[in-house]
Amino acid sequence: IAFLAIAPAVGVTAFLAAASLAILGRPFHEVLPNWFLAHGLGMAITLPAVLLLADRRAGPDHDKGRLTEAAVFGLVVAVSIAAYLPWTFPAPLLITPTLVVVAFSLGPRGTALSAMIMAVICTIVLTLGPVGGVAEMWSQASRIHNLQFVIATAFFTSLSVALILAEQNRTRRLLAMRTRAAKRAQARAQAAGAAKGEFLATMSHEIRTPMNSILGFTQTLIRRDDLPAEARRQIELVHRAGGSLLAVVNDILDYSKLEAGEVELALQPQSPEAVAQDAVDIIAPSAEARGLQISLETHGPAQDLMLIDELRVRQILLNLLSNAVKFTEAGEVRLQLSVRDQGCDRLLRFEVQDTGVGIPKALMHRLFRRFSQVDSSASRAFGGTGLGLAICKGLVEAMGGVIGVRSRPQSGSTFWFEISADPAEGTANLPSVEPGPDLGSVQVLLVDDHPMNRDLGATVLKLLGCEVSLACDGAEAVALAASGAFDAILMDIHMPVMDGVKAARAIRALDGPAAAVPIIAMSADVMPEMVERCRRAGMNDTVGKPIQIETLHAALARCVAPTTAEVANPGPDRLDAAVA
């Protein structure tokens, strides 16, 4: 403004004024600088002040109240009047601190208005008031120039302070606004997360409930000896299709847990070789059915005990091995395990090699991403949710490892992952192979609101040799349990009238031996929050739906056979193992 607007405009007017007055006999060389200086300083003060006052977009800089504003402007008027009176000579020195006070109190617009007030009042006092002291030695033009220099210096000093303070206030307001927006976004994200968890729990329950009947009845029928071969083959197909659908549901739940950071590692002494061999043994029937050879090779001390999460490592290996079998038409699938020391711990490297179709380099970026497949066309030859590798990646990274792939089209693929593990002492957590106790004399109360689930549960329990009583809701279960005639209770969670959690608490509040009867939660809702609720309600174990006959037999055996101390305090490990 000073160099591009004020200086050119004032220069032109000063030249015209000096030329005009020169005609009347005034010296041109005196008029030109005096005119330029006086009007230049005046414009330098007036123009920025007017622009600030005319800016309607700017709100009030400060909200100090009417009384504070009146006091500040009163101070400005008083200093302006007293500044250039002859008997108050040091008073001009108060102009700058006064405007600085205005800057702190009223902001840029208040500073601009105060500077205008001071300029007008001081000019009136200086030109019309008495003259004395040092001022008598100066001409009126010199006194006006002095006033303009003082006002300009004070104005620009105070305006700089006011603008800095205004920017700080604006930054604080912006920060406060963004903080509020961030809190609102966080609240929305938390609400969305809660809604997502509730949705997953509901969908898990609603999908698993019919799957419980499908898989349960097909598993029961397969055990019959009087089925024709073709009927048995068709039932096995139905059972495998139901298992595939259940695997899809499990993948979605696993991935949601990884996204929410709810995966907790359970490090226990275990031999990596034993875990790898277990995974190979599980996949071997599928590989043999496709005419593939499957093998395990180990390098280094793979048989030594190390602290690893056996379930998670096996889950990754099963996923990689099943993919290798699915995408290999002929040849072999090989799992290589190498263990080497790296200081205080050991590096475990697992490689799953196949002789399958391979993966083009241009499509590798689709791997390890959720809901993504190398061939996502409608005519693709291989199905799946596209979550398996994303789950593997999440689990490996949760264990502090890395995962990758090497592949060429028509030359097979090698999926590998590396994790670190500390050496362990003690014995491995090996599953018991001893047969469970006979359940022929066990009295079981089955509680479920779904008639088909009650029918299936009674059929399975009778196959296990149990004597079964039925209840359709929690209130009926509490009434029957009060008799103390049962050795175990299988309790559904989501029921009308009284849900399973409330029923378990009511049973634990009964008098006598009825309060100590083992209660096994049996629900399609297997989210961690629900398992924890069951544990806090006093339930001894948890079995997820769809129910597998072997799993139910093992849960009943744990509850009716162990010591009283174990029944009374099942512990979180048993619940976690049941969920797994």
# chains A, B, ... in the order shown; residues from 1 in each chain; ligands from 1

call {"tool": "residues_around", "arguments": {"residues": "stretch 149-157 of chain A", "least_positions_apart": "6", "cutoff": "7 Å", "atoms": "only C-alpha atoms", "output": "ChimeraX atom specification"}}
result
/A:41,45,95-96,99,115,119

call {"tool": "select_by_dssp", "arguments": {"residues": "stretch 157-337 of chain A", "states": "helix (DSSP H, G or I)", "output": "PDB file with C-alpha atoms, in the first residue's frame"}}
result
ATOM      1  CA  THR A 157       3.961  -0.286  16.440  1.00  0.00           C
ATOM      2  CA  SER A 158       0.611  -0.887  18.113  1.00  0.00           C
ATOM      3  CA  LEU A 159      -0.952  -2.252  14.926  1.00  0.00           C
ATOM      4  CA  SER A 160       1.831  -4.841  14.626  1.00  0.00           C
ATOM      5  CA  VAL A 161       1.171  -5.905  18.218  1.00  0.00           C
ATOM      6  CA  ALA A 162      -2.584  -6.030  17.592  1.00  0.00           C
ATOM      7  CA  LEU A 163      -2.194  -8.126  14.434  1.00  0.00           C
ATOM      8  CA  ILE A 164       0.140 -10.583  16.176  1.00  0.00           C
ATOM      9  CA  LEU A 165      -2.319 -10.944  19.060  1.00  0.00           C
ATOM     10  CA  ALA A 166      -5.225 -11.298  16.628  1.00  0.00           C
ATOM     11  CA  GLU A 167      -3.393 -14.054  14.745  1.00  0.00           C
ATOM     12  CA  GLN A 168      -2.680 -15.845  18.031  1.00  0.00           C
ATOM     13  CA  ASN A 169      -6.353 -15.576  18.976  1.00  0.00           C
ATOM     14  CA  ARG A 170      -7.362 -16.818  15.544  1.00  0.00           C
ATOM     15  CA  THR A 171      -4.953 -19.730  15.833  1.00  0.00           C
ATOM     16  CA  ARG A 172      -6.322 -20.591  19.277  1.00  0.00           C
ATOM     17  CA  ARG A 173      -9.883 -20.431  17.996  1.00  0.00           C
ATOM     18  CA  LEU A 174      -8.965 -22.573  14.994  1.00  0.00           C
ATOM     19  CA  LEU A 175      -7.195 -25.062  17.251  1.00  0.00           C
ATOM     20  CA  ALA A 176     -10.180 -25.179  19.593  1.00  0.00           C
ATOM     21  CA  MET A 177     -12.527 -25.648  16.640  1.00  0.00           C
ATOM     22  CA  ARG A 178     -10.388 -28.437  15.189  1.00  0.00           C
ATOM     23  CA  THR A 179     -10.090 -30.042  18.617  1.00  0.00           C
ATOM     24  CA  ARG A 180     -13.865 -30.043  18.934  1.00  0.00           C
ATOM     25  CA  ALA A 181     -14.159 -31.422  15.417  1.00  0.00           C
ATOM     26  CA  ALA A 182     -11.581 -34.116  16.234  1.00  0.00           C
ATOM     27  CA  LYS A 183     -13.482 -35.052  19.384  1.00  0.00           C
ATOM     28  CA  ARG A 184     -16.710 -35.264  17.417  1.00  0.00           C
ATOM     29  CA  ALA A 185     -14.958 -37.389  14.781  1.00  0.00           C
ATOM     30  CA  GLN A 186     -13.505 -39.592  17.511  1.00  0.00           C
ATOM     31  CA  ALA A 187     -16.930 -39.993  19.075  1.00  0.00           C
ATOM     32  CA  ARG A 188     -18.394 -40.880  15.676  1.00  0.00           C
ATOM     33  CA  ALA A 189     -15.553 -43.354  15.069  1.00  0.00           C
ATOM     34  CA  GLN A 190     -16.099 -44.950  18.469  1.00  0.00           C
ATOM     35  CA  ALA A 191     -19.824 -45.144  17.816  1.00  0.00           C
ATOM     36  CA  ALA A 192     -19.124 -46.627  14.381  1.00  0.00           C
ATOM     37  CA  GLY A 193     -16.719 -49.127  15.940  1.00  0.00           C
ATOM     38  CA  ALA A 194     -19.289 -50.104  18.534  1.00  0.00           C
ATOM     39  CA  ALA A 195     -21.962 -50.398  15.840  1.00  0.00           C
ATOM     40  CA  LYS A 196     -19.592 -52.497  13.742  1.00  0.00           C
ATOM     41  CA  GLY A 197     -18.856 -54.802  16.663  1.00  0.00           C
ATOM     42  CA  GLU A 198     -22.563 -55.117  17.436  1.00  0.00           C
ATOM     43  CA  PHE A 199     -23.305 -55.778  13.763  1.00  0.00           C
ATOM     44  CA  LEU A 200     -20.624 -58.462  13.550  1.00  0.00           C
ATOM     45  CA  ALA A 201     -21.864 -60.097  16.737  1.00  0.00           C
ATOM     46  CA  THR A 202     -25.456 -60.058  15.462  1.00  0.00           C
ATOM     47  CA  MET A 203     -24.538 -61.348  12.011  1.00  0.00           C
ATOM     48  CA  SER A 204     -22.301 -64.014  13.528  1.00  0.00           C
ATOM     49  CA  HIS A 205     -25.181 -65.182  15.701  1.00  0.00           C
ATOM     50  CA  GLU A 206     -27.768 -65.061  12.922  1.00  0.00           C
ATOM     51  CA  ILE A 207     -25.556 -66.944  10.436  1.00  0.00           C
ATOM     52  CA  ARG A 208     -24.196 -69.478  12.890  1.00  0.00           C
ATOM     53  CA  THR A 209     -27.644 -70.373  14.243  1.00  0.00           C
ATOM     54  CA  PRO A 210     -28.894 -72.051  11.029  1.00  0.00           C
ATOM     55  CA  MET A 211     -25.351 -73.309  10.316  1.00  0.00           C
ATOM     56  CA  ASN A 212     -25.508 -75.082  13.669  1.00  0.00           C
ATOM     57  CA  SER A 213     -28.464 -77.127  12.486  1.00  0.00           C
ATOM     58  CA  ILE A 214     -27.039 -77.758   9.011  1.00  0.00           C
ATOM     59  CA  LEU A 215     -23.630 -78.957  10.180  1.00  0.00           C
ATOM     60  CA  GLY A 216     -24.960 -80.653  13.286  1.00  0.00           C
ATOM     61  CA  PHE A 217     -27.598 -82.772  11.570  1.00  0.00           C
ATOM     62  CA  THR A 218     -25.318 -83.634   8.623  1.00  0.00           C
ATOM     63  CA  GLN A 219     -22.587 -84.683  11.061  1.00  0.00           C
ATOM     64  CA  THR A 220     -25.128 -86.792  12.935  1.00  0.00           C
ATOM     65  CA  LEU A 221     -26.428 -88.403   9.744  1.00  0.00           C
ATOM     66  CA  ILE A 222     -22.924 -89.214   8.513  1.00  0.00           C
ATOM     67  CA  ALA A 229     -23.657 -94.859  -0.165  1.00  0.00           C
ATOM     68  CA  GLU A 230     -25.097 -92.213  -2.532  1.00  0.00           C
ATOM     69  CA  ALA A 231     -27.060 -90.569   0.294  1.00  0.00           C
ATOM     70  CA  ARG A 232     -23.951 -90.522   2.476  1.00  0.00           C
ATOM     71  CA  ARG A 233     -21.970 -88.908  -0.372  1.00  0.00           C
ATOM     72  CA  GLN A 234     -24.609 -86.204  -0.825  1.00  0.00           C
ATOM     73  CA  ILE A 235     -24.756 -85.502   2.919  1.00  0.00           C
ATOM     74  CA  GLU A 236     -20.969 -85.209   3.002  1.00  0.00           C
ATOM     75  CA  LEU A 237     -21.190 -82.656   0.181  1.00  0.00           C
ATOM     76  CA  VAL A 238     -23.724 -80.646   2.158  1.00  0.00           C
ATOM     77  CA  HIS A 239     -21.493 -80.858   5.234  1.00  0.00           C
ATOM     78  CA  ARG A 240     -18.425 -79.643   3.317  1.00  0.00           C
ATOM     79  CA  ALA A 241     -20.398 -76.780   1.758  1.00  0.00           C
ATOM     80  CA  GLY A 242     -21.615 -75.758   5.199  1.00  0.00           C
ATOM     81  CA  GLY A 243     -18.060 -75.914   6.494  1.00  0.00           C
ATOM     82  CA  SER A 244     -16.938 -73.624   3.661  1.00  0.00           C
ATOM     83  CA  LEU A 245     -19.631 -71.091   4.564  1.00  0.00           C
ATOM     84  CA  LEU A 246     -18.580 -71.264   8.198  1.00  0.00           C
ATOM     85  CA  ALA A 247     -14.965 -70.638   7.143  1.00  0.00           C
ATOM     86  CA  VAL A 248     -16.099 -67.449   5.375  1.00  0.00           C
ATOM     87  CA  VAL A 249     -17.830 -66.249   8.560  1.00  0.00           C
ATOM     88  CA  ASN A 250     -14.749 -67.069  10.605  1.00  0.00           C
ATOM     89  CA  ASP A 251     -12.518 -65.144   8.176  1.00  0.00           C
ATOM     90  CA  ILE A 252     -14.677 -62.046   8.488  1.00  0.00           C
ATOM     91  CA  LEU A 253     -14.647 -62.264  12.282  1.00  0.00           C
ATOM     92  CA  ASP A 254     -10.884 -62.805  12.387  1.00  0.00           C
ATOM     93  CA  TYR A 255     -10.230 -59.829  10.148  1.00  0.00           C
ATOM     94  CA  SER A 256     -12.533 -57.603  12.190  1.00  0.00           C
ATOM     95  CA  LYS A 257     -10.599 -58.556  15.331  1.00  0.00           C
ATOM     96  CA  LEU A 258      -7.306 -57.696  13.616  1.00  0.00           C
ATOM     97  CA  GLU A 259      -8.654 -54.314  12.485  1.00  0.00           C
ATOM     98  CA  ALA A 260      -9.874 -53.549  16.008  1.00  0.00           C
ATOM     99  CA  PRO A 272       7.876 -75.217  15.726  1.00  0.00           C
ATOM    100  CA  GLU A 273       8.446 -78.554  14.000  1.00  0.00           C
ATOM    101  CA  ALA A 274       5.471 -80.084  15.832  1.00  0.00           C
ATOM    102  CA  VAL A 275       3.212 -77.154  14.865  1.00  0.00           C
ATOM    103  CA  ALA A 276       4.325 -77.394  11.220  1.00  0.00           C
ATOM    104  CA  GLN A 277       3.842 -81.165  11.156  1.00  0.00           C
ATOM    105  CA  ASP A 278       0.382 -80.760  12.670  1.00  0.00           C
ATOM    106  CA  ALA A 279      -0.591 -78.300   9.907  1.00  0.00           C
ATOM    107  CA  VAL A 280       0.740 -80.655   7.217  1.00  0.00           C
ATOM    108  CA  ASP A 281      -1.204 -83.572   8.698  1.00  0.00           C
ATOM    109  CA  ILE A 282      -4.429 -81.561   8.676  1.00  0.00           C
ATOM    110  CA  ILE A 283      -4.025 -80.512   5.015  1.00  0.00           C
ATOM    111  CA  ALA A 284      -2.706 -83.910   3.851  1.00  0.00           C
ATOM    112  CA  PRO A 285      -6.156 -85.484   3.117  1.00  0.00           C
ATOM    113  CA  SER A 286      -7.116 -82.522   0.873  1.00  0.00           C
ATOM    114  CA  ALA A 287      -3.778 -82.729  -0.947  1.00  0.00           C
ATOM    115  CA  GLU A 288      -4.045 -86.495  -1.435  1.00  0.00           C
ATOM    116  CA  ALA A 289      -7.601 -86.108  -2.760  1.00  0.00           C
ATOM    117  CA  GLU A 310       0.803 -72.189  18.532  1.00  0.00           C
ATOM    118  CA  LEU A 311      -2.792 -71.475  17.454  1.00  0.00           C
ATOM    119  CA  ARG A 312      -1.914 -68.362  15.444  1.00  0.00           C
ATOM    120  CA  VAL A 313       1.113 -69.941  13.739  1.00  0.00           C
ATOM    121  CA  ARG A 314      -0.944 -73.010  12.849  1.00  0.00           C
ATOM    122  CA  GLN A 315      -3.737 -70.756  11.522  1.00  0.00           C
ATOM    123  CA  ILE A 316      -1.286 -68.984   9.191  1.00  0.00           C
ATOM    124  CA  LEU A 317       0.229 -72.254   7.997  1.00  0.00           C
ATOM    125  CA  LEU A 318      -3.172 -73.833   7.364  1.00  0.00           C
ATOM    126  CA  ASN A 319      -4.233 -70.833   5.329  1.00  0.00           C
ATOM    127  CA  LEU A 320      -1.073 -70.822   3.220  1.00  0.00           C
ATOM    128  CA  LEU A 321      -1.100 -74.603   2.777  1.00  0.00           C
ATOM    129  CA  SER A 322      -4.783 -74.732   1.827  1.00  0.00           C
ATOM    130  CA  ASN A 323      -4.196 -71.963  -0.746  1.00  0.00           C
ATOM    131  CA  ALA A 324      -1.243 -73.895  -2.158  1.00  0.00           C
ATOM    132  CA  VAL A 325      -3.357 -77.042  -2.498  1.00  0.00           C
ATOM    133  CA  LYS A 326      -6.251 -75.103  -4.040  1.00  0.00           C
TER     134      LYS A 326
END

call {"tool": "closest_residue", "arguments": {"among": "A:Val50, A:Val444, A:Ile549, A:Ile121", "to": "A:Ala78", "atoms": "only C-alpha atoms"}}
result
A:Ile121

call {"tool": "atom_distance", "arguments": {"atom1": "atom CA of A:Ala49", "atom2": "atom CA of A:Pro92"}}
result
20.6 Å

call {"tool": "residues_around", "arguments": {"residues": "A:Leu307", "least_positions_apart": "3", "cutoff": "7 Å", "atoms": "only C-alpha atoms", "output": "ChimeraX atom specification"}}
result
/A:267-270,421-424

call {"tool": "residues_around", "arguments": {"residues": "stretch 490-500 of chain A", "least_positions_apart": "3", "cutoff": "7 Å", "atoms": "only C-alpha atoms", "output": "list in words"}}
result
Leu445, Leu446, Val447, Asp448, Asp449, Asp473, Gly474, Ala475, Ala503, Ala504, Ile519, Ile520, Ala521, Met522 and Ser523 of chain A
